[in-house]
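Data from query.cif: mmCIF, C-alpha atoms
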data_run
#
loop_
_atom_site.label_atom_id
_atom_site.label_comp_id
_atom_site.auth_asym_id
_atom_site.auth_seq_id
_atom_site.Cartn_x
_atom_site.Cartn_y
_atom_site.Cartn_z
CA MET A 257 -22.93 5.58 -3.42
CA SER A 258 -21.03 4.05 -6.32
CA THR A 259 -18.44 1.37 -5.71
CA THR A 260 -16.44 2.80 -8.59
CA ILE A 261 -14.75 6.19 -8.66
CA PRO A 262 -17.11 8.54 -10.56
CA ASP A 263 -15.83 9.80 -13.92
CA PHE A 264 -12.93 7.32 -13.95
CA ASP A 265 -12.54 4.86 -16.81
CA TYR A 266 -12.00 1.21 -15.92
CA GLN A 267 -10.06 -1.43 -17.78
CA ARG A 268 -8.16 -4.63 -17.17
CA ILE A 269 -4.47 -4.36 -18.02
CA PRO A 270 -2.23 -7.44 -18.47
CA VAL A 271 0.97 -7.05 -16.48
CA ALA A 272 2.95 -10.30 -16.16
CA ASP A 273 2.70 -14.05 -15.68
CA GLY A 274 -0.84 -14.17 -16.97
CA VAL A 275 -1.92 -11.58 -14.40
CA SER A 276 -4.19 -8.63 -15.20
CA LEU A 277 -5.00 -5.74 -12.89
CA ASN A 278 -8.25 -3.82 -12.53
CA VAL A 279 -7.33 -0.18 -13.18
CA ALA A 280 -9.26 3.08 -12.87
CA ALA A 281 -7.84 6.16 -14.61
CA ALA A 282 -8.86 9.74 -15.32
CA GLY A 283 -7.49 13.22 -15.95
CA SER A 284 -4.58 14.56 -17.96
CA GLY A 285 -1.19 15.99 -17.17
CA SER A 286 1.78 14.50 -15.36
CA PRO A 287 0.89 10.99 -14.15
CA ILE A 288 0.55 9.81 -10.56
CA VAL A 289 -0.26 6.23 -9.55
CA LEU A 290 -2.11 5.64 -6.27
CA LEU A 291 -1.79 2.25 -4.54
CA HIS A 292 -4.27 1.13 -1.90
CA GLY A 293 -3.69 -0.63 1.40
CA PHE A 294 -5.21 -3.40 3.52
CA PRO A 295 -8.04 -4.30 3.85
CA GLN A 296 -9.14 -2.06 1.01
CA THR A 297 -9.21 -1.62 -2.76
CA HIS A 298 -8.47 1.29 -5.10
CA LEU A 299 -11.69 2.88 -3.78
CA MET A 300 -9.82 4.21 -0.75
CA TRP A 301 -8.40 6.91 -3.06
CA ARG A 302 -11.81 8.05 -4.37
CA HIS A 303 -11.64 11.56 -2.87
CA VAL A 304 -7.93 12.20 -3.45
CA ALA A 305 -8.02 10.79 -6.97
CA ALA A 306 -10.94 12.96 -8.04
CA ASP A 307 -9.16 16.08 -6.79
CA LEU A 308 -5.80 15.25 -8.38
CA ALA A 309 -7.46 14.39 -11.71
CA ALA A 310 -8.17 18.10 -12.21
CA ASP A 311 -4.58 18.57 -13.36
CA HIS A 312 -2.90 15.15 -13.37
CA THR A 313 -3.36 11.79 -15.01
CA VAL A 314 -4.43 9.65 -12.04
CA ILE A 315 -4.11 5.86 -12.15
CA CYS A 316 -5.65 3.71 -9.40
CA PRO A 317 -5.13 -0.05 -9.72
CA ASP A 318 -6.23 -2.84 -7.47
CA LEU A 319 -3.02 -4.54 -6.42
CA ARG A 320 -2.29 -8.08 -7.51
CA GLY A 321 -4.31 -10.34 -5.21
CA TYR A 322 -6.80 -7.65 -4.19
CA GLY A 323 -10.12 -6.25 -5.36
CA ALA A 324 -11.02 -7.13 -8.94
CA SER A 325 -7.42 -7.83 -9.99
CA ASP A 326 -6.17 -11.35 -10.65
CA LYS A 327 -5.12 -13.52 -7.73
CA PRO A 328 -2.52 -16.02 -8.94
CA ALA A 329 -1.62 -18.98 -6.77
CA ASP A 330 1.65 -18.42 -4.94
CA THR A 331 3.31 -21.64 -5.98
CA ASP A 332 6.90 -20.68 -5.17
CA GLY A 333 6.78 -17.88 -2.60
CA THR A 334 7.65 -15.16 -5.12
CA ARG A 335 4.37 -14.18 -6.79
CA TYR A 336 3.43 -11.71 -4.05
CA SER A 337 6.86 -10.30 -3.45
CA LYS A 338 6.77 -6.53 -3.46
CA ARG A 339 9.25 -6.77 -6.34
CA ALA A 340 6.69 -8.63 -8.45
CA MET A 341 3.88 -6.32 -7.37
CA ALA A 342 6.00 -3.24 -8.13
CA ALA A 343 6.77 -4.59 -11.59
CA ASP A 344 3.00 -4.87 -12.12
CA ILE A 345 2.61 -1.15 -11.47
CA VAL A 346 5.40 -0.20 -13.88
CA ALA A 347 3.72 -2.39 -16.50
CA VAL A 348 0.34 -0.70 -15.92
CA ALA A 349 1.83 2.77 -16.33
CA ARG A 350 3.66 1.76 -19.50
CA ALA A 351 0.52 0.21 -20.96
CA LEU A 352 -1.14 3.61 -20.45
CA GLY A 353 1.76 5.40 -22.16
CA HIS A 354 3.79 6.57 -19.15
CA GLU A 355 7.48 5.68 -18.84
CA ARG A 356 7.89 7.91 -15.77
CA PHE A 357 5.36 8.67 -13.06
CA ALA A 358 4.90 9.74 -9.47
CA LEU A 359 3.79 7.05 -7.04
CA ALA A 360 1.89 7.15 -3.76
CA GLY A 361 0.97 4.16 -1.64
CA HIS A 362 -0.85 3.50 1.59
CA ASP A 363 -0.14 0.57 3.91
CA ARG A 364 0.54 -2.50 1.70
CA GLY A 365 0.53 -0.24 -1.33
CA ALA A 366 3.21 1.88 0.32
CA LEU A 367 5.46 -1.18 0.59
CA VAL A 368 4.91 -1.85 -3.11
CA ALA A 369 5.69 1.81 -3.82
CA PHE A 370 8.85 1.63 -1.68
CA ARG A 371 10.07 -1.39 -3.62
CA ALA A 372 9.22 0.29 -6.94
CA GLY A 373 11.29 3.29 -5.93
CA LEU A 374 14.30 1.08 -5.20
CA ASP A 375 13.92 -1.21 -8.21
CA HIS A 376 12.91 1.46 -10.76
CA PRO A 377 14.64 4.71 -9.75
CA GLY A 378 14.58 6.04 -13.30
CA THR A 379 10.86 5.45 -13.56
CA VAL A 380 9.45 6.71 -10.25
CA THR A 381 9.86 10.50 -10.16
CA HIS A 382 8.32 11.19 -6.73
CA LEU A 383 7.32 8.81 -3.94
CA ALA A 384 4.81 9.07 -1.09
CA CYS A 385 4.31 6.41 1.58
CA LEU A 386 1.40 6.59 4.01
CA ASP A 387 1.45 5.00 7.46
CA VAL A 388 4.10 2.31 7.15
CA LEU A 389 7.73 1.68 7.91
CA PRO A 390 9.94 -0.12 5.41
CA THR A 391 9.67 -3.88 5.91
CA LEU A 392 13.01 -4.40 7.65
CA ASP A 393 12.34 -1.55 10.05
CA MET A 394 8.81 -2.76 10.72
CA TRP A 395 10.01 -6.13 11.95
CA ASP A 396 12.84 -4.52 13.90
CA VAL A 397 10.57 -2.25 15.97
CA MET A 398 7.91 -4.86 16.76
CA HIS A 399 8.72 -6.23 20.19
CA GLY A 400 7.12 -6.83 23.57
CA THR A 401 3.45 -6.49 24.37
CA THR A 402 3.12 -3.29 22.33
CA ALA A 403 3.61 -5.43 19.22
CA ALA A 404 0.19 -7.00 19.83
CA VAL A 405 -1.23 -4.31 17.53
CA GLY A 406 0.50 -6.17 14.70
CA PHE A 407 -0.81 -9.65 15.54
CA HIS A 408 -1.98 -10.12 11.97
CA LEU A 409 1.58 -9.74 10.69
CA TYR A 410 2.68 -12.76 12.70
CA LEU A 411 -0.43 -14.79 11.89
CA MET A 412 -0.05 -14.37 8.15
CA ALA A 413 3.70 -14.98 8.28
CA GLN A 414 3.08 -18.64 9.12
CA PRO A 415 3.52 -21.42 6.53
CA PRO A 416 0.58 -21.88 4.15
CA GLY A 417 -2.56 -23.39 5.60
CA LEU A 418 -3.32 -22.23 9.12
CA ALA A 419 -3.86 -18.50 8.56
CA GLU A 420 -5.97 -19.13 5.48
CA GLN A 421 -8.17 -21.59 7.37
CA LEU A 422 -8.65 -19.37 10.40
CA ILE A 423 -9.39 -16.19 8.43
CA SER A 424 -11.71 -17.96 5.99
CA ALA A 425 -13.78 -19.21 8.91
CA ALA A 426 -14.79 -15.62 9.81
CA PRO A 427 -13.52 -13.24 7.12
CA ASP A 428 -15.90 -10.37 7.86
CA ALA A 429 -14.97 -10.43 11.56
CA PHE A 430 -11.26 -10.52 10.73
CA PHE A 431 -11.14 -7.82 8.06
CA GLY A 432 -13.86 -5.77 9.74
CA HIS A 433 -11.76 -5.62 12.89
CA PHE A 434 -9.15 -3.52 11.08
CA LEU A 435 -11.67 -1.30 9.34
CA ASP A 436 -13.26 -0.55 12.71
CA SER A 437 -10.25 -0.33 15.01
CA TRP A 438 -7.82 1.52 12.76
CA THR A 439 -10.00 4.54 12.05
CA SER A 440 -10.62 7.61 14.17
CA ALA A 441 -13.53 8.66 11.92
CA PRO A 442 -15.82 5.71 11.15
CA GLN A 443 -18.07 7.88 9.00
CA ALA A 444 -15.17 8.23 6.56
CA ILE A 445 -15.86 4.68 5.39
CA PRO A 446 -19.59 4.62 4.56
CA ALA A 447 -21.54 1.38 4.78
CA GLU A 448 -21.48 0.68 1.04
CA ILE A 449 -17.72 1.21 0.78
CA ARG A 450 -17.17 -0.92 3.89
CA ALA A 451 -19.29 -3.66 2.35
CA ALA A 452 -17.28 -3.44 -0.89
CA TYR A 453 -14.03 -3.83 1.05
CA LEU A 454 -15.33 -6.82 2.99
CA ASP A 455 -16.66 -8.48 -0.15
CA ALA A 456 -13.34 -8.00 -1.92
CA CYS A 457 -11.36 -9.39 1.01
CA ARG A 458 -13.73 -12.31 1.54
CA ASN A 459 -12.90 -13.40 -2.01
CA ALA A 460 -9.15 -12.89 -1.64
CA VAL A 461 -8.11 -14.52 1.63
CA THR A 462 -5.46 -16.74 0.10
CA SER A 463 -3.81 -13.99 -1.94
CA ILE A 464 -3.93 -11.44 0.89
CA VAL A 465 -2.21 -13.93 3.20
CA ALA A 466 0.37 -14.60 0.48
CA ASP A 467 1.07 -10.86 0.24
CA TYR A 468 1.68 -10.63 3.98
CA ARG A 469 3.67 -13.86 4.08
CA ALA A 470 6.01 -12.44 1.44
CA SER A 471 6.77 -9.54 3.77
CA ALA A 472 8.10 -11.97 6.37
CA HIS A 473 10.27 -13.84 3.90
CA ILE A 474 11.27 -12.80 0.36
CA ASP A 475 10.61 -9.07 0.90
CA VAL A 476 12.97 -9.11 3.88
CA ASP A 477 15.67 -10.66 1.71
CA HIS A 478 15.21 -8.04 -1.00
CA ASP A 479 15.26 -5.13 1.46
CA ARG A 480 18.28 -6.45 3.29
CA ALA A 481 20.18 -6.82 0.02
CA ASP A 482 19.48 -3.17 -0.78
CA LEU A 483 20.46 -2.07 2.71
CA ASP A 484 23.73 -4.01 2.51
CA ALA A 485 24.45 -2.49 -0.92
CA GLY A 486 23.75 1.03 0.34
CA ASN A 487 20.86 1.53 -2.08
CA GLN A 488 18.53 4.40 -1.26
CA LEU A 489 15.49 6.11 -2.74
CA ARG A 490 16.86 8.72 -5.16
CA MET A 491 13.66 10.71 -5.71
CA PRO A 492 11.87 13.21 -3.43
CA VAL A 493 10.00 11.22 -0.78
CA THR A 494 7.06 12.22 1.42
CA VAL A 495 6.03 10.10 4.40
CA LEU A 496 2.86 10.70 6.40
CA GLN A 497 2.20 8.44 9.35
CA GLN A 498 0.66 8.17 12.75
CA ASP A 499 3.11 8.52 15.61
CA TRP A 500 3.62 4.84 16.21
CA GLY A 501 7.13 5.65 17.37
CA ALA A 502 5.77 7.17 20.56
CA ALA A 503 3.97 3.91 21.37
CA LEU A 504 6.58 1.43 20.18
CA GLY A 505 9.72 3.38 21.07
CA PHE A 506 11.38 4.26 17.77
CA ASP A 507 12.20 7.36 15.74
CA ALA A 508 10.13 6.96 12.57
CA GLN A 509 11.74 9.89 10.79
CA ALA A 510 15.24 8.55 11.42
CA ARG A 511 14.19 5.14 10.16
CA TRP A 512 12.87 6.63 6.95
CA ARG A 513 15.77 9.02 6.42
CA ALA A 514 18.17 6.09 6.31
CA TRP A 515 16.39 5.05 3.11
CA ALA A 516 15.35 8.44 1.73
CA PRO A 517 17.81 11.36 1.96
CA ASP A 518 15.37 13.77 0.25
CA LEU A 519 12.62 13.24 2.82
CA ALA A 520 9.64 15.24 4.03
CA HIS A 521 8.28 13.37 7.06
CA THR A 522 5.12 14.34 8.96
CA SER A 523 3.34 12.72 11.89
CA VAL A 524 -0.44 13.06 11.63
CA ALA A 525 -3.26 12.84 14.14
CA HIS A 526 -5.66 11.05 11.81
CA GLY A 527 -6.40 7.34 11.93
CA HIS A 528 -4.76 4.81 9.66
CA PHE A 529 -7.19 5.37 6.79
CA MET A 530 -6.04 8.94 6.32
CA ALA A 531 -6.84 9.25 2.60
CA GLU A 532 -10.48 8.72 3.54
CA GLU A 533 -10.46 10.52 6.89
CA ALA A 534 -8.53 13.61 5.75
CA PRO A 535 -8.48 13.60 1.94
CA ASP A 536 -7.86 17.34 1.62
CA ARG A 537 -4.74 17.10 3.74
CA ILE A 538 -3.44 14.09 1.85
CA THR A 539 -4.12 15.73 -1.50
CA ALA A 540 -2.29 18.87 -0.40
CA ALA A 541 0.69 16.81 0.76
CA LEU A 542 0.84 15.01 -2.58
CA ARG A 543 0.69 18.29 -4.48
CA ARG A 544 3.58 19.62 -2.38
CA LEU A 545 5.53 16.47 -3.17
CA LEU A 546 4.90 16.86 -6.90
CA SER A 547 6.22 20.42 -6.77
CA ARG A 548 9.59 19.35 -5.33
#
What does this structure look like when you write it as structure tokens?
Amino acid sequence: MSTTIPDFDYQRIPVADGVSLNVAAAGSGSPIVLLHGFPQTHLMWRHVAADLAADHTVICPDLRGYGASDKPADTDGTRYSKRAMAADIVAVARALGHERFALAGHDRGALVAFRAGLDHPGTVTHLACLDVLPTLDMWDVMHGTTAAVGFHLYLMAQPPGLAEQLISAAPDAFFGHFLDSWTSAPQAIPAEIRAAYLDACRNAVTSIVADYRASAHIDVDHDRADLDAGNQLRMPVTVLQQDWGAALGFDAQARWRAWAPDLAHTSVAHGHFMAEEAPDRITAALRRLLSR
């Protein structure tokens, strides 16, 4: 099994601040950018991307700090803000000749996509977010013992040093825990893909922690400013997520609708890694979004 997406062309694209992203692209037609989640790389989209490339230009970058993309030191607490990471994606699309594009993200990539939709409403034509809540809502619903499922959020929110040291001591155990416990179909992540994810994460502990730390600090500030200003996502939005609301006691659709008036929200029975566990369903949902 290849650890690249077959028939996709790869290149490094400079984006900002001396940072270049590893980008896979294929197909022709209206563009859609697919952003991966944690603890993965662009490879999580391999099935969906190949299908969509039949009639779309499909662009799959590794996010800043992940995979084969650059991992700048976070010297001031801003370099892994979702605002900075969203600007990277706009720069990638422009470098490939696309001023407007659809955007789909999973997990961490969905938070980058969410921020891109707010910061670049004239650029993002359609938006899909898989298995997350917006950052402010995520912190608001995490409470009591049920919040133990998100222990990693609190660990990586700590000041620099401790989380990096602890995770670096046993990176495969840490990242492997999520790959194993968040899926309902382990066979959806074959051994070679799993190994590629672990290798990528093992070499990116500091930047991954910085990404998560930003979501407990600067990302909260940015989201709160938009909420206070009444800013919303102006484009058609699709959200697919597990029914965490049933376990944690919140209405996920209501949370999302406050940000996205033109919303199609669906609860799914698949595990977290739904683009790998149920690629046909995810592809169909993205095609429906693109037709809106």
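The gap separating CA of Ala541 in chain A from CA of Ala343 in chain A is 25.4 Å, in Å to one decimal.
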Problem set entry | Expansion of the PyMOL selection byres ((chain A and resi 498) around 12) into residues, as number ranges by chain | A: 363, 385-389, 438-440, 495-497, 499-504, 507-509, 521-530
Name every residue that the PyMOL selection byres ((chain A and resi 305) around 10) selects in this structure, writing the answer as an mmCIF file with C-alpha atoms, in the frame of the given file with chains first and numbers rising.
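Result file follows (result26.cif):
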data_model
loop_
_atom_site.group_PDB
_atom_site.id
_atom_site.type_symbol
_atom_site.label_atom_id
_atom_site.label_comp_id
_atom_site.auth_asym_id
_atom_site.auth_seq_id
_atom_site.Cartn_x
_atom_site.Cartn_y
_atom_site.Cartn_z
ATOM 1 C CA ILE A 261 -14.750 6.190 -8.660
ATOM 2 C CA PHE A 264 -12.930 7.320 -13.950
ATOM 3 C CA ALA A 280 -9.260 3.080 -12.870
ATOM 4 C CA ALA A 281 -7.840 6.160 -14.610
ATOM 5 C CA ALA A 282 -8.860 9.740 -15.320
ATOM 6 C CA GLY A 283 -7.490 13.220 -15.950
ATOM 7 C CA ILE A 288 0.550 9.810 -10.560
ATOM 8 C CA VAL A 289 -0.260 6.230 -9.550
ATOM 9 C CA LEU A 290 -2.110 5.640 -6.270
ATOM 10 C CA HIS A 298 -8.470 1.290 -5.100
ATOM 11 C CA LEU A 299 -11.690 2.880 -3.780
ATOM 12 C CA MET A 300 -9.820 4.210 -0.750
ATOM 13 C CA TRP A 301 -8.400 6.910 -3.060
ATOM 14 C CA ARG A 302 -11.810 8.050 -4.370
ATOM 15 C CA HIS A 303 -11.640 11.560 -2.870
ATOM 16 C CA VAL A 304 -7.930 12.200 -3.450
ATOM 17 C CA ALA A 306 -10.940 12.960 -8.040
ATOM 18 C CA ASP A 307 -9.160 16.080 -6.790
ATOM 19 C CA LEU A 308 -5.800 15.250 -8.380
ATOM 20 C CA ALA A 309 -7.460 14.390 -11.710
ATOM 21 C CA ALA A 310 -8.170 18.100 -12.210
ATOM 22 C CA HIS A 312 -2.900 15.150 -13.370
ATOM 23 C CA THR A 313 -3.360 11.790 -15.010
ATOM 24 C CA VAL A 314 -4.430 9.650 -12.040
ATOM 25 C CA ILE A 315 -4.110 5.860 -12.150
ATOM 26 C CA CYS A 316 -5.650 3.710 -9.400
ATOM 27 C CA ALA A 531 -6.840 9.250 2.600
ATOM 28 C CA PRO A 535 -8.480 13.600 1.940
ATOM 29 C CA THR A 539 -4.120 15.730 -1.500
#
For this session: Return the single residue from A:Asp265, A:Phe434, A:Leu409, A:Leu319 that is closest to Ala369 in chain A, with distances computed using only C-alpha atoms.
Result: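 Ranked by minimum distance to Ala369 in chain A, first place goes to A:Leu319.
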For this session: To one decimal in Å, tell me the separation between CA of Pro416 in chain A and CA of Asp332 in chain A.
Result: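 About the pair CA of Pro416 in chain A and CA of Asp332 in chain A: they are 11.3 Å apart.
Note that the spacing between CA of Ala351 in chain A and CA of Ala384 in chain A amounts to 22.2 Å.
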Exercise. Using the chain letters and numbers from the file, which residues does the PyMOL selection byres ((chain A and resi 337) around 12) grab, as a PyMOL selection string?
Worked result: chain A and resi 319-321+330+332-336+338-344+364+367-368+371-372+391+463-479
For this session: Considering only C-alpha atoms, return as a list of chain:residue names whatever protein or nucleic-acid residues lie within 10 Å of Asp455 in chain A, sequence-local ones (same chain, fewer than 3 positions apart) excluded.
Result: A:Gln296, A:Gly323, A:Pro427, A:Asp428, A:Phe431, A:Ile449, A:Arg450, A:Ala451, A:Ala452, A:Arg458, A:Asn459, A:Ala460
For the selection just defined, write its residues with C-alpha atoms to a file, as a PDB file, keeping the file's coordinate frame.
ATOM      1  CA  GLN A 296      -9.140  -2.060   1.010  1.00  0.00           C
ATOM      2  CA  GLY A 323     -10.120  -6.250  -5.360  1.00  0.00           C
ATOM      3  CA  PRO A 427     -13.520 -13.240   7.120  1.00  0.00           C
ATOM      4  CA  ASP A 428     -15.900 -10.370   7.860  1.00  0.00           C
ATOM      5  CA  PHE A 431     -11.140  -7.820   8.060  1.00  0.00           C
ATOM      6  CA  ILE A 449     -17.720   1.210   0.780  1.00  0.00           C
ATOM      7  CA  ARG A 450     -17.170  -0.920   3.890  1.00  0.00           C
ATOM      8  CA  ALA A 451     -19.290  -3.660   2.350  1.00  0.00           C
ATOM      9  CA  ALA A 452     -17.280  -3.440  -0.890  1.00  0.00           C
ATOM     10  CA  ARG A 458     -13.730 -12.310   1.540  1.00  0.00           C
ATOM     11  CA  ASN A 459     -12.900 -13.400  -2.010  1.00  0.00           C
ATOM     12  CA  ALA A 460      -9.150 -12.890  -1.640  1.00  0.00           C
TER      13      ALA A 460
END
Exercise. Using all atoms listed in the file, which of the listed residues (A:Ala514, A:Gly378, A:Met398, A:Ala419) sits closest to Gly486 in chain A?
Worked result: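 Of the candidates, the smallest distance to Gly486 in chain A is held by A:Ala514.
Among the candidates A:Ala329, A:Ala481, A:Met491, A:Ala534, the one nearest to Gln443 in chain A when counting all atoms listed in the file is A:Ala534.
Using only C-alpha atoms, the shortest contact distance between Ala516 in chain A and any of A:Leu383, A:Leu454, A:Pro442, A:Tyr410 is found at A:Leu383.
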Problem set entry | Which residue of A:Ala360, A:Gly505, A:Ser437, A:Ile269 approaches Val405 in chain A most closely, using only C-alpha atoms | A:Ser437
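With only C-alpha atoms as the atoms that count, the minimum distance from Arg544 in chain A to the choices A:Arg350, A:His362, A:His376, A:His382 is reached by A:His382.
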Problem set entry | Neighbours of point (24.3, 5.8, 4.3) within 12 Å, using all atoms listed in the file, written as a PyMOL selection string | chain A and resi 482-489+510-517
Export range 353-372 of chain A from the structure block above, keeping N, CA, C and O atoms, as a PDB file, in the first residue's frame.
ATOM      1  N   GLY A 353      -3.903  28.432  -8.504  1.00  0.00           N
ATOM      2  CA  GLY A 353      -4.746  29.134  -9.456  1.00  0.00           C
ATOM      3  C   GLY A 353      -6.207  29.253  -9.081  1.00  0.00           C
ATOM      4  O   GLY A 353      -7.036  29.566  -9.945  1.00  0.00           O
ATOM      5  N   HIS A 354      -6.539  29.069  -7.800  1.00  0.00           N
ATOM      6  CA  HIS A 354      -7.940  29.075  -7.374  1.00  0.00           C
ATOM      7  C   HIS A 354      -8.186  30.183  -6.354  1.00  0.00           C
ATOM      8  O   HIS A 354      -7.712  30.108  -5.217  1.00  0.00           O
ATOM      9  N   GLU A 355      -8.954  31.194  -6.758  1.00  0.00           N
ATOM     10  CA  GLU A 355      -9.312  32.274  -5.842  1.00  0.00           C
ATOM     11  C   GLU A 355     -10.498  31.914  -4.966  1.00  0.00           C
ATOM     12  O   GLU A 355     -10.686  32.496  -3.895  1.00  0.00           O
ATOM     13  N   ARG A 356     -11.320  30.965  -5.428  1.00  0.00           N
ATOM     14  CA  ARG A 356     -12.476  30.501  -4.661  1.00  0.00           C
ATOM     15  C   ARG A 356     -12.493  28.979  -4.696  1.00  0.00           C
ATOM     16  O   ARG A 356     -12.159  28.377  -5.713  1.00  0.00           O
ATOM     17  N   PHE A 357     -12.902  28.379  -3.591  1.00  0.00           N
ATOM     18  CA  PHE A 357     -12.879  26.918  -3.506  1.00  0.00           C
ATOM     19  C   PHE A 357     -13.788  26.451  -2.379  1.00  0.00           C
ATOM     20  O   PHE A 357     -14.089  27.193  -1.440  1.00  0.00           O
ATOM     21  N   ALA A 358     -14.244  25.217  -2.503  1.00  0.00           N
ATOM     22  CA  ALA A 358     -14.952  24.552  -1.415  1.00  0.00           C
ATOM     23  C   ALA A 358     -13.924  23.973  -0.454  1.00  0.00           C
ATOM     24  O   ALA A 358     -12.782  23.681  -0.840  1.00  0.00           O
ATOM     25  N   LEU A 359     -14.330  23.787   0.803  1.00  0.00           N
ATOM     26  CA  LEU A 359     -13.388  23.383   1.834  1.00  0.00           C
ATOM     27  C   LEU A 359     -14.047  22.383   2.774  1.00  0.00           C
ATOM     28  O   LEU A 359     -15.160  22.616   3.260  1.00  0.00           O
ATOM     29  N   ALA A 360     -13.379  21.266   3.009  1.00  0.00           N
ATOM     30  CA  ALA A 360     -13.865  20.264   3.949  1.00  0.00           C
ATOM     31  C   ALA A 360     -12.741  19.914   4.899  1.00  0.00           C
ATOM     32  O   ALA A 360     -11.593  19.726   4.482  1.00  0.00           O
ATOM     33  N   GLY A 361     -13.061  19.824   6.187  1.00  0.00           N
ATOM     34  CA  GLY A 361     -12.050  19.488   7.177  1.00  0.00           C
ATOM     35  C   GLY A 361     -12.572  18.491   8.178  1.00  0.00           C
ATOM     36  O   GLY A 361     -13.769  18.453   8.479  1.00  0.00           O
ATOM     37  N   HIS A 362     -11.667  17.685   8.686  1.00  0.00           N
ATOM     38  CA  HIS A 362     -11.979  16.705   9.712  1.00  0.00           C
ATOM     39  C   HIS A 362     -11.174  17.034  10.961  1.00  0.00           C
ATOM     40  O   HIS A 362      -9.990  17.351  10.878  1.00  0.00           O
ATOM     41  N   ASP A 363     -11.837  17.017  12.133  1.00  0.00           N
ATOM     42  CA  ASP A 363     -11.139  17.166  13.399  1.00  0.00           C
ATOM     43  C   ASP A 363     -10.357  18.490  13.405  1.00  0.00           C
ATOM     44  O   ASP A 363     -10.948  19.543  13.245  1.00  0.00           O
ATOM     45  N   ARG A 364      -9.033  18.465  13.588  1.00  0.00           N
ATOM     46  CA  ARG A 364      -8.268  19.716  13.602  1.00  0.00           C
ATOM     47  C   ARG A 364      -8.442  20.469  12.283  1.00  0.00           C
ATOM     48  O   ARG A 364      -8.549  21.703  12.280  1.00  0.00           O
ATOM     49  N   GLY A 365      -8.476  19.738  11.190  1.00  0.00           N
ATOM     50  CA  GLY A 365      -8.676  20.381   9.902  1.00  0.00           C
ATOM     51  C   GLY A 365     -10.022  21.071   9.801  1.00  0.00           C
ATOM     52  O   GLY A 365     -10.167  22.076   9.099  1.00  0.00           O
ATOM     53  N   ALA A 366     -11.024  20.537  10.508  1.00  0.00           N
ATOM     54  CA  ALA A 366     -12.335  21.178  10.511  1.00  0.00           C
ATOM     55  C   ALA A 366     -12.296  22.513  11.247  1.00  0.00           C
ATOM     56  O   ALA A 366     -13.011  23.453  10.882  1.00  0.00           O
ATOM     57  N   LEU A 367     -11.471  22.617  12.285  1.00  0.00           N
ATOM     58  CA  LEU A 367     -11.332  23.892  12.988  1.00  0.00           C
ATOM     59  C   LEU A 367     -10.614  24.915  12.109  1.00  0.00           C
ATOM     60  O   LEU A 367     -10.947  26.101  12.131  1.00  0.00           O
ATOM     61  N   VAL A 368      -9.636  24.452  11.334  1.00  0.00           N
ATOM     62  CA  VAL A 368      -8.991  25.344  10.361  1.00  0.00           C
ATOM     63  C   VAL A 368     -10.000  25.774   9.304  1.00  0.00           C
ATOM     64  O   VAL A 368     -10.063  26.954   8.924  1.00  0.00           O
ATOM     65  N   ALA A 369     -10.816  24.829   8.836  1.00  0.00           N
ATOM     66  CA  ALA A 369     -11.825  25.152   7.828  1.00  0.00           C
ATOM     67  C   ALA A 369     -12.855  26.141   8.368  1.00  0.00           C
ATOM     68  O   ALA A 369     -13.269  27.078   7.676  1.00  0.00           O
ATOM     69  N   PHE A 370     -13.283  25.940   9.600  1.00  0.00           N
ATOM     70  CA  PHE A 370     -14.228  26.849  10.257  1.00  0.00           C
ATOM     71  C   PHE A 370     -13.660  28.265  10.291  1.00  0.00           C
ATOM     72  O   PHE A 370     -14.338  29.236   9.924  1.00  0.00           O
ATOM     73  N   ARG A 371     -12.411  28.385  10.698  1.00  0.00           N
ATOM     74  CA  ARG A 371     -11.793  29.713  10.758  1.00  0.00           C
ATOM     75  C   ARG A 371     -11.646  30.305   9.359  1.00  0.00           C
ATOM     76  O   ARG A 371     -11.873  31.508   9.157  1.00  0.00           O
ATOM     77  N   ALA A 372     -11.311  29.487   8.366  1.00  0.00           N
ATOM     78  CA  ALA A 372     -11.204  29.986   6.999  1.00  0.00           C
ATOM     79  C   ALA A 372     -12.542  30.521   6.516  1.00  0.00           C
ATOM     80  O   ALA A 372     -12.604  31.549   5.833  1.00  0.00           O
TER      81      ALA A 372
END
